[in-house]
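Colleague: For reference, this is target11.pdb, and it has PDB, C-alpha atoms, pLDDT in the B column.
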ATOM      1  CA  MET S   1     179.289 129.688  57.339  1.00 74.00           C
ATOM      2  CA  ALA S   2     178.689 128.425  53.817  1.00 90.00           C
ATOM      3  CA  LEU S   3     176.800 130.977  51.764  1.00 95.00           C
ATOM      4  CA  ILE S   4     174.798 130.065  48.674  1.00 97.00           C
ATOM      5  CA  TYR S   5     173.335 132.544  46.192  1.00 98.00           C
ATOM      6  CA  ARG S   6     170.289 131.436  44.233  1.00 98.00           C
ATOM      7  CA  LYS S   7     167.212 132.837  42.557  1.00 98.00           C
ATOM      8  CA  LEU S   8     163.885 133.251  44.314  1.00 98.00           C
ATOM      9  CA  THR S   9     161.239 130.623  43.568  1.00 96.00           C
ATOM     10  CA  GLU S  10     157.559 130.598  44.432  1.00 95.00           C
ATOM     11  CA  ASN S  11     158.383 128.149  47.258  1.00 96.00           C
ATOM     12  CA  ASP S  12     160.363 130.942  48.940  1.00 97.00           C
ATOM     13  CA  LEU S  13     157.615 133.560  48.806  1.00 97.00           C
ATOM     14  CA  GLU S  14     156.352 133.457  52.406  1.00 97.00           C
ATOM     15  CA  THR S  15     159.857 133.946  53.806  1.00 97.00           C
ATOM     16  CA  PHE S  16     160.674 136.551  51.146  1.00 97.00           C
ATOM     17  CA  ILE S  17     157.505 138.488  52.000  1.00 97.00           C
ATOM     18  CA  ALA S  18     158.259 138.337  55.740  1.00 95.00           C
ATOM     19  CA  LEU S  19     161.719 139.774  55.071  1.00 95.00           C
ATOM     20  CA  ARG S  20     160.241 142.495  52.816  1.00 95.00           C
ATOM     21  CA  VAL S  21     157.857 143.525  55.608  1.00 94.00           C
ATOM     22  CA  ALA S  22     160.758 143.506  58.104  1.00 92.00           C
ATOM     23  CA  GLN S  23     162.737 145.736  55.729  1.00 91.00           C
ATOM     24  CA  LEU S  24     159.869 148.214  55.381  1.00 92.00           C
ATOM     25  CA  ARG S  25     159.429 148.349  59.167  1.00 91.00           C
ATOM     26  CA  GLU S  26     163.156 148.882  59.681  1.00 89.00           C
ATOM     27  CA  GLU S  27     163.058 151.764  57.203  1.00 87.00           C
ATOM     28  CA  GLY S  28     160.334 153.408  59.294  1.00 87.00           C
ATOM     29  CA  ALA S  29     157.263 152.686  57.181  1.00 87.00           C
ATOM     30  CA  ARG S  30     153.962 152.960  59.009  1.00 86.00           C
ATOM     31  CA  GLU S  31     152.029 149.736  58.894  1.00 83.00           C
ATOM     32  CA  GLU S  32     148.542 150.857  57.963  1.00 87.00           C
ATOM     33  CA  LEU S  33     147.329 147.557  56.502  1.00 92.00           C
ATOM     34  CA  ASP S  34     148.338 143.947  55.975  1.00 93.00           C
ATOM     35  CA  LEU S  35     150.572 144.215  52.912  1.00 94.00           C
ATOM     36  CA  ARG S  36     151.266 140.484  52.627  1.00 95.00           C
ATOM     37  CA  PRO S  37     148.335 139.565  50.319  1.00 97.00           C
ATOM     38  CA  ALA S  38     149.237 142.332  47.845  1.00 96.00           C
ATOM     39  CA  LEU S  39     152.931 141.363  47.952  1.00 97.00           C
ATOM     40  CA  ARG S  40     152.054 137.688  47.434  1.00 97.00           C
ATOM     41  CA  ASP S  41     149.895 138.570  44.407  1.00 98.00           C
ATOM     42  CA  TYR S  42     152.561 140.877  42.929  1.00 97.00           C
ATOM     43  CA  TYR S  43     155.442 138.428  43.286  1.00 97.00           C
ATOM     44  CA  ARG S  44     153.471 135.461  41.943  1.00 97.00           C
ATOM     45  CA  ARG S  45     152.326 137.338  38.840  1.00 98.00           C
ATOM     46  CA  HIS S  46     155.648 138.961  38.042  1.00 98.00           C
ATOM     47  CA  LEU S  47     157.802 135.922  38.751  1.00 97.00           C
ATOM     48  CA  ALA S  48     155.557 134.022  36.355  1.00 97.00           C
ATOM     49  CA  ASP S  49     155.775 136.593  33.538  1.00 97.00           C
ATOM     50  CA  GLY S  50     159.497 137.275  34.018  1.00 96.00           C
ATOM     51  CA  THR S  51     159.149 140.945  34.998  1.00 97.00           C
ATOM     52  CA  PHE S  52     160.475 140.380  38.522  1.00 98.00           C
ATOM     53  CA  VAL S  53     163.640 138.573  39.530  1.00 98.00           C
ATOM     54  CA  SER S  54     165.319 138.173  42.886  1.00 98.00           C
ATOM     55  CA  TRP S  55     168.578 136.726  44.073  1.00 98.00           C
ATOM     56  CA  LEU S  56     168.791 135.354  47.602  1.00 98.00           C
ATOM     57  CA  ALA S  57     171.654 134.742  49.990  1.00 98.00           C
ATOM     58  CA  VAL S  58     171.097 131.498  51.891  1.00 98.00           C
ATOM     59  CA  ALA S  59     173.093 130.264  54.892  1.00 96.00           C
ATOM     60  CA  GLU S  60     172.438 126.904  56.511  1.00 95.00           C
ATOM     61  CA  GLY S  61     169.132 126.626  54.650  1.00 94.00           C
ATOM     62  CA  ARG S  62     167.911 130.042  55.849  1.00 96.00           C
ATOM     63  CA  ILE S  63     167.380 133.090  53.625  1.00 97.00           C
ATOM     64  CA  ILE S  64     169.547 135.851  55.119  1.00 97.00           C
ATOM     65  CA  GLY S  65     169.630 138.332  52.242  1.00 97.00           C
ATOM     66  CA  THR S  66     167.266 139.392  49.493  1.00 97.00           C
ATOM     67  CA  SER S  67     167.230 141.536  46.394  1.00 97.00           C
ATOM     68  CA  GLY S  68     164.618 142.338  43.796  1.00 96.00           C
ATOM     69  CA  MET S  69     164.421 143.827  40.325  1.00 97.00           C
ATOM     70  CA  SER S  70     161.176 144.746  38.588  1.00 97.00           C
ATOM     71  CA  PHE S  71     161.345 145.385  34.872  1.00 97.00           C
ATOM     72  CA  VAL S  72     159.221 148.190  33.445  1.00 97.00           C
ATOM     73  CA  GLU S  73     159.100 149.878  30.086  1.00 95.00           C
ATOM     74  CA  LYS S  74     158.393 153.497  29.253  1.00 94.00           C
ATOM     75  CA  PRO S  75     158.912 155.565  26.138  1.00 95.00           C
ATOM     76  CA  PRO S  76     162.597 155.650  25.210  1.00 93.00           C
ATOM     77  CA  TYR S  77     164.556 158.771  26.093  1.00 91.00           C
ATOM     78  CA  PHE S  78     168.124 159.890  25.503  1.00 91.00           C
ATOM     79  CA  GLY S  79     169.334 158.544  28.839  1.00 85.00           C
ATOM     80  CA  CYS S  80     167.638 155.179  28.222  1.00 89.00           C
ATOM     81  CA  PRO S  81     167.061 154.505  24.518  1.00 92.00           C
ATOM     82  CA  THR S  82     165.551 151.059  25.143  1.00 91.00           C
ATOM     83  CA  GLY S  83     162.898 152.481  27.462  1.00 94.00           C
ATOM     84  CA  ARG S  84     163.448 149.432  29.665  1.00 95.00           C
ATOM     85  CA  ILE S  85     164.190 150.258  33.293  1.00 94.00           C
ATOM     86  CA  GLY S  86     164.996 148.079  36.258  1.00 95.00           C
ATOM     87  CA  LEU S  87     163.404 149.134  39.543  1.00 95.00           C
ATOM     88  CA  LEU S  88     165.551 147.851  42.377  1.00 95.00           C
ATOM     89  CA  SER S  89     163.786 146.835  45.581  1.00 93.00           C
ATOM     90  CA  SER S  90     163.839 144.391  48.455  1.00 93.00           C
ATOM     91  CA  MET S  91     167.543 144.850  49.189  1.00 94.00           C
ATOM     92  CA  TYR S  92     167.739 143.426  52.695  1.00 94.00           C
ATOM     93  CA  THR S  93     170.291 141.556  54.762  1.00 95.00           C
ATOM     94  CA  ALA S  94     169.481 140.138  58.195  1.00 94.00           C
ATOM     95  CA  PRO S  95     171.116 142.418  60.801  1.00 93.00           C
ATOM     96  CA  GLU S  96     173.470 139.743  62.143  1.00 94.00           C
ATOM     97  CA  HIS S  97     174.892 139.155  58.646  1.00 95.00           C
ATOM     98  CA  ARG S  98     175.527 142.747  57.570  1.00 93.00           C
ATOM     99  CA  ARG S  99     178.886 144.275  56.623  1.00 93.00           C
ATOM    100  CA  ARG S 100     180.109 141.066  54.940  1.00 94.00           C
ATOM    101  CA  GLY S 101     179.583 141.937  51.260  1.00 95.00           C
ATOM    102  CA  ILE S 102     176.295 140.042  50.924  1.00 97.00           C
ATOM    103  CA  ALA S 103     174.258 143.055  49.761  1.00 95.00           C
ATOM    104  CA  ARG S 104     176.955 144.010  47.257  1.00 96.00           C
ATOM    105  CA  GLU S 105     176.922 140.517  45.735  1.00 97.00           C
ATOM    106  CA  LEU S 106     173.120 140.466  45.576  1.00 97.00           C
ATOM    107  CA  LEU S 107     173.184 143.899  43.947  1.00 96.00           C
ATOM    108  CA  ARG S 108     175.751 142.745  41.395  1.00 97.00           C
ATOM    109  CA  ARG S 109     173.561 139.795  40.460  1.00 98.00           C
ATOM    110  CA  VAL S 110     170.285 141.703  40.037  1.00 97.00           C
ATOM    111  CA  VAL S 111     171.984 144.476  38.067  1.00 96.00           C
ATOM    112  CA  ALA S 112     173.341 141.769  35.750  1.00 97.00           C
ATOM    113  CA  GLU S 113     169.747 140.524  35.352  1.00 97.00           C
ATOM    114  CA  ALA S 114     168.639 144.040  34.356  1.00 96.00           C
ATOM    115  CA  ARG S 115     171.461 144.264  31.833  1.00 95.00           C
ATOM    116  CA  ALA S 116     170.486 140.876  30.359  1.00 96.00           C
ATOM    117  CA  TYR S 117     166.840 141.997  30.161  1.00 96.00           C
ATOM    118  CA  GLY S 118     167.957 144.964  28.056  1.00 95.00           C
ATOM    119  CA  CYS S 119     167.439 147.699  30.623  1.00 94.00           C
ATOM    120  CA  GLY S 120     169.197 150.965  29.942  1.00 92.00           C
ATOM    121  CA  ALA S 121     168.976 152.136  33.564  1.00 91.00           C
ATOM    122  CA  VAL S 122     168.322 150.897  37.087  1.00 94.00           C
ATOM    123  CA  GLN S 123     166.524 153.089  39.591  1.00 92.00           C
ATOM    124  CA  ILE S 124     166.032 152.878  43.338  1.00 90.00           C
ATOM    125  CA  THR S 125     164.653 154.918  46.169  1.00 83.00           C
ATOM    126  CA  ALA S 126     167.445 154.223  48.645  1.00 79.00           C
ATOM    127  CA  SER S 127     167.138 154.052  52.405  1.00 76.00           C
ATOM    128  CA  ASP S 128     169.676 156.052  54.389  1.00 76.00           C
ATOM    129  CA  MET S 129     171.458 152.791  55.172  1.00 76.00           C
ATOM    130  CA  GLY S 130     171.713 151.807  51.496  1.00 82.00           C
ATOM    131  CA  VAL S 131     173.030 155.077  50.040  1.00 86.00           C
ATOM    132  CA  LEU S 132     176.702 154.203  50.600  1.00 86.00           C
ATOM    133  CA  LEU S 133     176.321 150.759  48.999  1.00 89.00           C
ATOM    134  CA  TYR S 134     174.621 152.185  45.914  1.00 89.00           C
ATOM    135  CA  SER S 135     177.003 155.136  45.607  1.00 89.00           C
ATOM    136  CA  ASP S 136     180.022 152.829  45.852  1.00 91.00           C
ATOM    137  CA  PHE S 137     178.466 150.607  43.182  1.00 92.00           C
ATOM    138  CA  GLY S 138     178.122 153.573  40.804  1.00 91.00           C
ATOM    139  CA  PHE S 139     174.562 154.812  41.310  1.00 90.00           C
ATOM    140  CA  VAL S 140     174.172 158.593  41.155  1.00 89.00           C
ATOM    141  CA  LYS S 141     171.397 160.705  42.659  1.00 83.00           C
ATOM    142  CA  ASN S 142     168.827 162.157  40.313  1.00 77.00           C
ATOM    143  CA  GLY S 143     167.574 165.381  41.836  1.00 71.00           C
ATOM    144  CA  ASN S 144     164.557 165.422  39.516  1.00 71.00           C
ATOM    145  CA  PHE S 145     162.764 162.452  41.049  1.00 71.00           C
ATOM    146  CA  MET S 146     159.349 163.461  42.306  1.00 63.00           C
ATOM    147  CA  GLN S 147     156.278 161.479  43.271  1.00 67.00           C
ATOM    148  CA  TYR S 148     152.577 162.239  43.387  1.00 67.00           C
ATOM    149  CA  LYS S 149     150.578 160.007  45.695  1.00 74.00           C
ATOM    150  CA  LEU S 150     147.143 158.958  44.483  1.00 75.00           C
TER     151      LEU S 150
END
If you convert what's in this file into structure tokens, what do you get?
Modeller:
Amino acid sequence: MALIYRKLTENDLETFIALRVAQLREEGAREELDLRPALRDYYRRHLADGTFVSWLAVAEGRIIGTSGMSFVEKPPYFGCPTGRIGLLSSMYTAPEHRRRGIARELLRRVVAEARAYGCGAVQITASDMGVLLYSDFGFVKNGNFMQYKL
């Protein structure tokens, strides 16, 4: 199987969104609404302004792996003096293609994008399945992460 890695384009969005929804379902998210219109709007806007980038793994013309990095900025702090942070998302590999290094290569590529953007840190809320990948890559848990739902 020949594997090609390339960046996401707007032409890929419907497939990318379908894989994002599949990922969320697999992680146990409850589907309370149709998320596709909001995802479509988000990806179009942020691809256009350069604050979202994604690398894809493609085999035989079919997207089999995805990654995503959103770039945000907050006030600089000692751990991130640029204030620029990459938020990792959309890490997904089709089940029949897992355990072949695809996710690791996608992760390497989007982390390189964050570095090139000037990010001082990359953050993720990892699924149980992804913890080993991220730990092996060098991510460390931050016990202070908390969230308040509005």
Colleague: Looking at all atoms listed in the file, which of S:Leu132, S:Glu10, S:Gly120, S:Tyr43 is the one that sits closest to Pro75 in chain S?
Modeller: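 Closest to Pro75 in chain S, using all atoms listed in the file: S:Gly120.
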Colleague: Interatomic distance between CA of Arg109 in chain S and CA of Arg25 in chain S?
Modeller: 25.0 Å
Colleague: Hey, could you pull the box centre and edge lengths for range 68-74 of chain S, axis-aligned, 4 Å padding per side, all listed atoms, to one decimal in Å, as AutoDock Vina command-line options?
Modeller:
--center_x 161.5 --center_y 147.9 --center_z 36.5 --size_x 14.2 --size_y 19.2 --size_z 22.5
Colleague: List the residues sitting within 6 Å of (166.5, 137.6, 54.6) in the file's frame, using all atoms listed in the file, as a CSV table (one decimal) with C-alpha atoms, keeping the file's coordinate frame.
Modeller:
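The resulting selection-v9.csv:
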chain,number,residue,atom,x,y,z
S,19,LEU,CA,161.7,139.8,55.1
S,63,ILE,CA,167.4,133.1,53.6
S,64,ILE,CA,169.5,135.9,55.1
S,65,GLY,CA,169.6,138.3,52.2
S,66,THR,CA,167.3,139.4,49.5
S,93,THR,CA,170.3,141.6,54.8
S,94,ALA,CA,169.5,140.1,58.2
Colleague: Find the residues around Thr125 in chain S up to 9 Å (all atoms listed in the file counted), leave out those fewer than 3 positions away in its own chain, and share them as a PyMOL selection string.
Modeller: chain S and resi 87-89
Colleague: Using all atoms listed in the file, which residues sit within 12 Å of Thr51 in chain S once same-chain residues fewer than 6 positions away are excluded, as a CSV table (one decimal) with C-alpha atoms, keeping the file's coordinate frame?
Modeller:
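Result saved to part-v6.csv:
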chain,number,residue,atom,x,y,z
S,42,TYR,CA,152.6,140.9,42.9
S,43,TYR,CA,155.4,138.4,43.3
S,44,ARG,CA,153.5,135.5,41.9
S,45,ARG,CA,152.3,137.3,38.8
S,68,GLY,CA,164.6,142.3,43.8
S,69,MET,CA,164.4,143.8,40.3
S,70,SER,CA,161.2,144.7,38.6
S,71,PHE,CA,161.3,145.4,34.9
S,72,VAL,CA,159.2,148.2,33.4
S,73,GLU,CA,159.1,149.9,30.1
S,84,ARG,CA,163.4,149.4,29.7
S,85,ILE,CA,164.2,150.3,33.3
S,86,GLY,CA,165.0,148.1,36.3
S,87,LEU,CA,163.4,149.1,39.5
S,88,LEU,CA,165.6,147.9,42.4
S,113,GLU,CA,169.7,140.5,35.4
S,114,ALA,CA,168.6,144.0,34.4
S,117,TYR,CA,166.8,142.0,30.2
S,118,GLY,CA,168.0,145.0,28.1
S,119,CYS,CA,167.4,147.7,30.6
Colleague: Which residue, S:Gly50, S:Pro81, S:Pro37, S:Gly138, has the smallest gap to Thr9 in chain S when you use all atoms listed in the file?
Modeller: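 Residue with the minimum atom-to-atom distance to Thr9 in chain S: S:Gly50.
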Colleague: Might you spell out which residues the PyMOL selection byres ((chain S and resi 140) around 12) would select in the displayed file, as a ChimeraX atom specification?
Modeller: /S:121-126,131-139,141-144
Colleague: For a cut-off of 8 Å around (162.6, 132.4, 40.3), file coordinates, pick out all residues using only C-alpha atoms and list them as a PyMOL selection string.
Modeller: chain S and resi 7-10+47+53-54
Colleague: Out of S:Lys74, S:Cys80, S:Thr15, S:Leu56, which residue has the shortest atom-to-atom distance to Glu105 in chain S when counting only C-alpha atoms?
Modeller: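 Closest residue, counting only C-alpha atoms: S:Leu56.
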Colleague: Find the spatial neighbours of Glu27 in chain S, counting all atoms listed in the file, within a cut-off of 9 Å - ignore same-chain residues fewer than 2 positions away - and output them as a ChimeraX atom specification.
Modeller: /S:22-25,29,127-129
Colleague: Deliver the residues from the most recent selection as a file, using C-alpha atoms, as an mmCIF file, keeping the file's coordinate frame.
Modeller:
data_model
loop_
_atom_site.group_PDB
_atom_site.id
_atom_site.type_symbol
_atom_site.label_atom_id
_atom_site.label_comp_id
_atom_site.auth_asym_id
_atom_site.auth_seq_id
_atom_site.Cartn_x
_atom_site.Cartn_y
_atom_site.Cartn_z
ATOM 1 C CA ALA S 22 160.758 143.506 58.104
ATOM 2 C CA GLN S 23 162.737 145.736 55.729
ATOM 3 C CA LEU S 24 159.869 148.214 55.381
ATOM 4 C CA ARG S 25 159.429 148.349 59.167
ATOM 5 C CA ALA S 29 157.263 152.686 57.181
ATOM 6 C CA SER S 127 167.138 154.052 52.405
ATOM 7 C CA ASP S 128 169.676 156.052 54.389
ATOM 8 C CA MET S 129 171.458 152.791 55.172
#
Colleague: What does the distance from CA of Arg115 in chain S to CA of Ala2 in chain S come to in Å, to one decimal?
Modeller: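 Taking CA of Arg115 in chain S and CA of Ala2 in chain S, their separation equals 28.0 Å.
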Colleague: Mind giving me the straight-line distance from CA of Ile102 in chain S to CA of Ser90 in chain S in Å, one decimal?
Modeller: 13.4 Å
Colleague: Can you give me, as number ranges by chain, the residues this file yields under the PyMOL selection byres ((chain S and resi 60) around 8)?
Modeller: S: 1-3, 58-59, 61-62
Colleague: Which is closer to Val21 in chain S than all the others in S:Ala38, S:Lys149, S:Ala116, S:Arg104, using only C-alpha atoms?
Modeller: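 Of S:Ala38, S:Lys149, S:Ala116, S:Arg104, the one nearest Val21 in chain S, counting only C-alpha atoms, is S:Ala38.
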Colleague: Could you tell me which of S:Trp55, S:Thr82, S:Ala18, S:Glu26 comes closest to Ile4 in chain S if we count only C-alpha atoms?
Modeller: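 Distance minimum relative to Ile4 in chain S lands on S:Trp55.
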